[in-house]
Amino acid sequence: MAILNKIRQRSLFLILVIAMALFSFVLADLFKNTDGFDSKSQNVVATVNGQDISRADFQAKVENMQRQFGASLTNTQAMNRVWDQEVNNAVMKAQYDALGLTVERDQMRDLLKLGLANFEEFKNEDGIYDENKLNEFIANLKAISPQTAMLGGSPINYEAWTNYENDMAITGKQQTYFNMVKAGISGTLAEGELDYKLENDKVDIKYVRVPYTSIADSTITVTKSDISNYINKNKSQYEVDESRDIRFVEFKEDPSLEDETDIQNKLLENLNGKEDNPTTSEVDETVIGFKDTTDDEGYLATNSAVKLFDDYMFKSNLPVEHADSIWNLNKGEFYGPYKNNNMFMISKVIDVKQIADSVKVRHILIPFAGAVQAAPDVVKTEAEAKATADSILGVVKPNRSKFQDLLSLSSDLVSNQNDGEIEFAYTAGMAPEFKAFAFDNKVRDIDVVKTDFGFHVIEILSQGDKQKAIKVGNLARAIEASDATVDRVFNETSKFEIAVANRDFAEVANESGYTLKPVSAVKELDEAIPGLGSQRSIVRWAYEDGVKIGDIKRFNIPGGYAVVQLTGINEEGLMSTEKASFTALPEIRKQKKAELIKARISGATLEDIASSESQTVETALAVTMKTPTISGAGNEPMVVGTAFGLGEGTVSKPIQGNTGVFVVQVTKFTPAPELPNYQAAANRLGTAKAVTVNTALLEALKKAAEIDDNRATFY
């Protein structure tokens, strides 16, 4: 009791101690993760010129884009697209605000008319865009909000409409901004004259070229200092973003030869079925196989990776490598197992038929409300549409000349332009009922046929030559790794991972016969790893705090594993001499070879120089500055530029070119004919400049913007 009393007396003290301990724990975590002090870092994806892009808004747009594009766009690809849009908008908004650009009512009306003029909802009885219809539509949307109305066959609510108007306003500002810039861009007469002369002044030259290949690379010494100096003189070529280097060994769960043999054996079991064992009279063990079944569709639905394609095909539709073997089968015969599209198959000919390869028909389509591609103003019920089609058939069947007179009732505007006629091959993707009528009946037959598009009055005009076609059922199994193979690959991966923990990664890979794959310059927001595809998790790991050069981690990848090692952390700035050497070495060698060749060239004439260097004197005619290509030598702007600065007959000093050292002599200079004025050339230049404004200006504005990118924190 005395102890309990003491605890009660000191309860306040104990509470304070516990509170202080909890506070210190939280405080320590905050110091360890300084972002905890800054709510902005948790809620802002980026800041562009001081304007925040919120995480919630950005994520909503990414999710919307993924819904729009589905599986064709990965999360990272969608994020990058939204990023480009948001940065562009933020950069341009700063320009609009600085200039005070706005979109007034009249301009908005024009923009909406331009974007919506073709929508049936906004046309009057004469088929002309009517702004009153638009105003009524907007008022109705607002009144029923948040419910939706249909526009162009798609649902839209008032909020979505408001977003659309905001987008149109941004488009209007953008048009105004770029038009203002373009208005100040032109080509001057002086520029036009210069461009004309660059294109039409011509020189004929003789030259001697001493190629760089005349000196072996092995005789040229390049030091690290040479590479470093070259990098510093050409910084723009070697500036790099922060990146990581990795290397990896991939372990794929590929099916073994035993797996493939087992799959083929199981297919053969499905083909042949199982006979009853007479020794067990109590149970009937008979199992009908694919070879003997009378229900091919049902059998394949239960036992095959490929369902029955319930149609006929020509030889050209069969797998090329196996087409002859399958085509020559009789009804009921089979071929296989054979490999096709990562599956083993056994093909059985279910039926053989003579079918026309093409057909020509004409039709009148009467849709009903809810039919595929039916216009919004279609109100006929299915029964009413059928009655109309039957009525048309009653008119045209006894008198085919009436067919064209009734085309105005058809909703197929495309075929109506060709008298209602459609010509298509048997393999074309037509509605099944439409196709069946066209190929299963005779020329001149006419009837009403229902499809998902409505009721068609179809007349067969002609059919192509009939030829053999077959219906094929394919008993198929995917070629997949067995459980034993999957276990073996897992064990091999684990052994490698353990071995490289204490030994050199490359050494273990080579000893084990594994392929080592290096990947350089992986950026923080990259998604794809060459050789592995989309592997965002590997990129994120390479940039995690605490991950250092030499660290190793195993990753699950589709169909196996990858054991990855971080081999380099490259800071933003100039490329290292080792990495730069791949491109710098050839250029440095070229420069050193040029100096050696220049120093040894001697002779007063081209012939003397050619003789001393074991080369020949070459000729190039009608060379221009605008296209500085020399016949026999390729693109050589430095050489051509020097030639235009020489007088006729003058021999140049040695010139360092792209492919060698040149000595040039101008044999003839032909100036361009003078023009009365150069306005046409100036106009062409002005137009060319204006074409590049949108892209070039936006890129320049983004380059000049202050952008704080936090995407890697969230993606």
# chains A, B, ... in the order shown; residues from 1 in each chain; ligands from 1
$ select_by_dssp --residues "stretch 526-644 of chain A" --states "strand (DSSP E)" --output "JSON list (two decimals) with C-alpha atoms, in the first residue's frame"
[["chain", "number", "residue", "atom", "x", "y", "z"],
["A", 528, "ALA", "CA", 12.49, 1.95, -68.30],
["A", 529, "ILE", "CA", 15.70, -0.01, -67.76],
["A", 533, "GLY", "CA", 11.52, -2.70, -69.53],
["A", 534, "SER", "CA", 9.42, -0.70, -67.09],
["A", 552, "ILE", "CA", 23.10, -4.98, -54.28],
["A", 553, "LYS", "CA", 19.40, -5.80, -54.31],
["A", 554, "ARG", "CA", 17.16, -8.41, -55.88],
["A", 555, "PHE", "CA", 13.98, -7.33, -57.70],
["A", 556, "ASN", "CA", 11.00, -9.30, -58.94],
["A", 557, "ILE", "CA", 10.47, -8.65, -62.63],
["A", 560, "GLY", "CA", 11.81, -13.84, -63.15],
["A", 561, "TYR", "CA", 14.26, -11.80, -61.12],
["A", 562, "ALA", "CA", 17.03, -9.25, -61.55],
["A", 563, "VAL", "CA", 19.95, -8.90, -59.14],
["A", 564, "VAL", "CA", 21.09, -5.28, -59.43],
["A", 565, "GLN", "CA", 24.24, -3.52, -58.26],
["A", 566, "LEU", "CA", 24.69, 0.27, -58.04],
["A", 567, "THR", "CA", 28.01, 1.04, -59.74],
["A", 568, "GLY", "CA", 28.06, 4.82, -60.05],
["A", 569, "ILE", "CA", 26.59, 8.01, -58.59],
["A", 570, "ASN", "CA", 27.04, 10.84, -61.07],
["A", 573, "GLY", "CA", 27.75, 19.03, -63.79],
["A", 574, "LEU", "CA", 30.49, 18.01, -66.20],
["A", 618, "GLU", "CA", 40.18, 15.66, -106.64],
["A", 619, "THR", "CA", 37.59, 18.00, -108.21],
["A", 620, "ALA", "CA", 34.29, 19.31, -106.88],
["A", 621, "LEU", "CA", 31.95, 21.47, -108.98],
["A", 622, "ALA", "CA", 29.18, 23.94, -108.11],
["A", 623, "VAL", "CA", 29.74, 23.83, -104.36],
["A", 629, "THR", "CA", 29.11, 19.06, -99.37],
["A", 630, "ILE", "CA", 32.21, 18.16, -101.38],
["A", 634, "GLY", "CA", 31.17, 14.53, -97.74],
["A", 635, "ASN", "CA", 30.03, 17.35, -95.48]]
$ residues_around --residues "A:Val691" --least-positions-apart "2" --cutoff "12 Å" --atoms "only C-alpha atoms" --output "list in words"
Phe178, Asn179, Val181, Lys182, Ile185, Ser186, Arg684, Leu685, Gly686, Thr687, Ala688, Lys689, Val693, Asn694, Thr695, Ala696 and Leu697 of chain A
$ closest_residue --among "A:Ser243, A:Asn43, A:Thr148, A:Ser154" --to "A:Glu572" --atoms "only C-alpha atoms"
A:Ser243
$ closest_atom_pairs --of "stretch 652-711 of chain A" --to "stretch 522-526 of chain A" --cutoff "12 Å" --atoms "only C-alpha atoms" --output "Markdown table"
| residue | atom | partner | partner_atom | distance |
| --- | --- | --- | --- | --- |
| A:Asp709 | CA | A:Leu525 | CA | 10.4 |
| A:Asn710 | CA | A:Leu525 | CA | 10.2 |
| A:Arg711 | CA | A:Leu525 | CA | 7.7 |
$ write_last_selection --atoms "N, CA and C atoms" --output "mmCIF file, in the first residue's frame"
data_model
loop_
_atom_site.group_PDB
_atom_site.id
_atom_site.type_symbol
_atom_site.label_atom_id
_atom_site.label_comp_id
_atom_site.auth_asym_id
_atom_site.auth_seq_id
_atom_site.Cartn_x
_atom_site.Cartn_y
_atom_site.Cartn_z
ATOM 1 N N ASP A 709 11.532 20.812 -58.936
ATOM 2 C CA ASP A 709 10.847 19.573 -59.299
ATOM 3 C C ASP A 709 10.922 18.569 -58.145
ATOM 4 N N ASN A 710 9.761 18.245 -57.558
ATOM 5 C CA ASN A 710 9.707 17.283 -56.453
ATOM 6 C C ASN A 710 9.030 15.974 -56.851
ATOM 7 N N ARG A 711 8.894 15.709 -58.142
ATOM 8 C CA ARG A 711 8.143 14.522 -58.572
ATOM 9 C C ARG A 711 8.708 13.220 -58.016
#
$ atom_distance --atom1 "atom CA of A:Glu165" --atom2 "atom CA of A:Met108"
8.3 Å
$ atom_distance --atom1 "atom CA of A:Gln77" --atom2 "atom CA of A:Lys517"
24.6 Å
$ closest_residue --among "A:Lys61, A:Lys331, A:Lys206, A:Lys113" --to "A:Ser347" --atoms "only C-alpha atoms"
A:Lys331
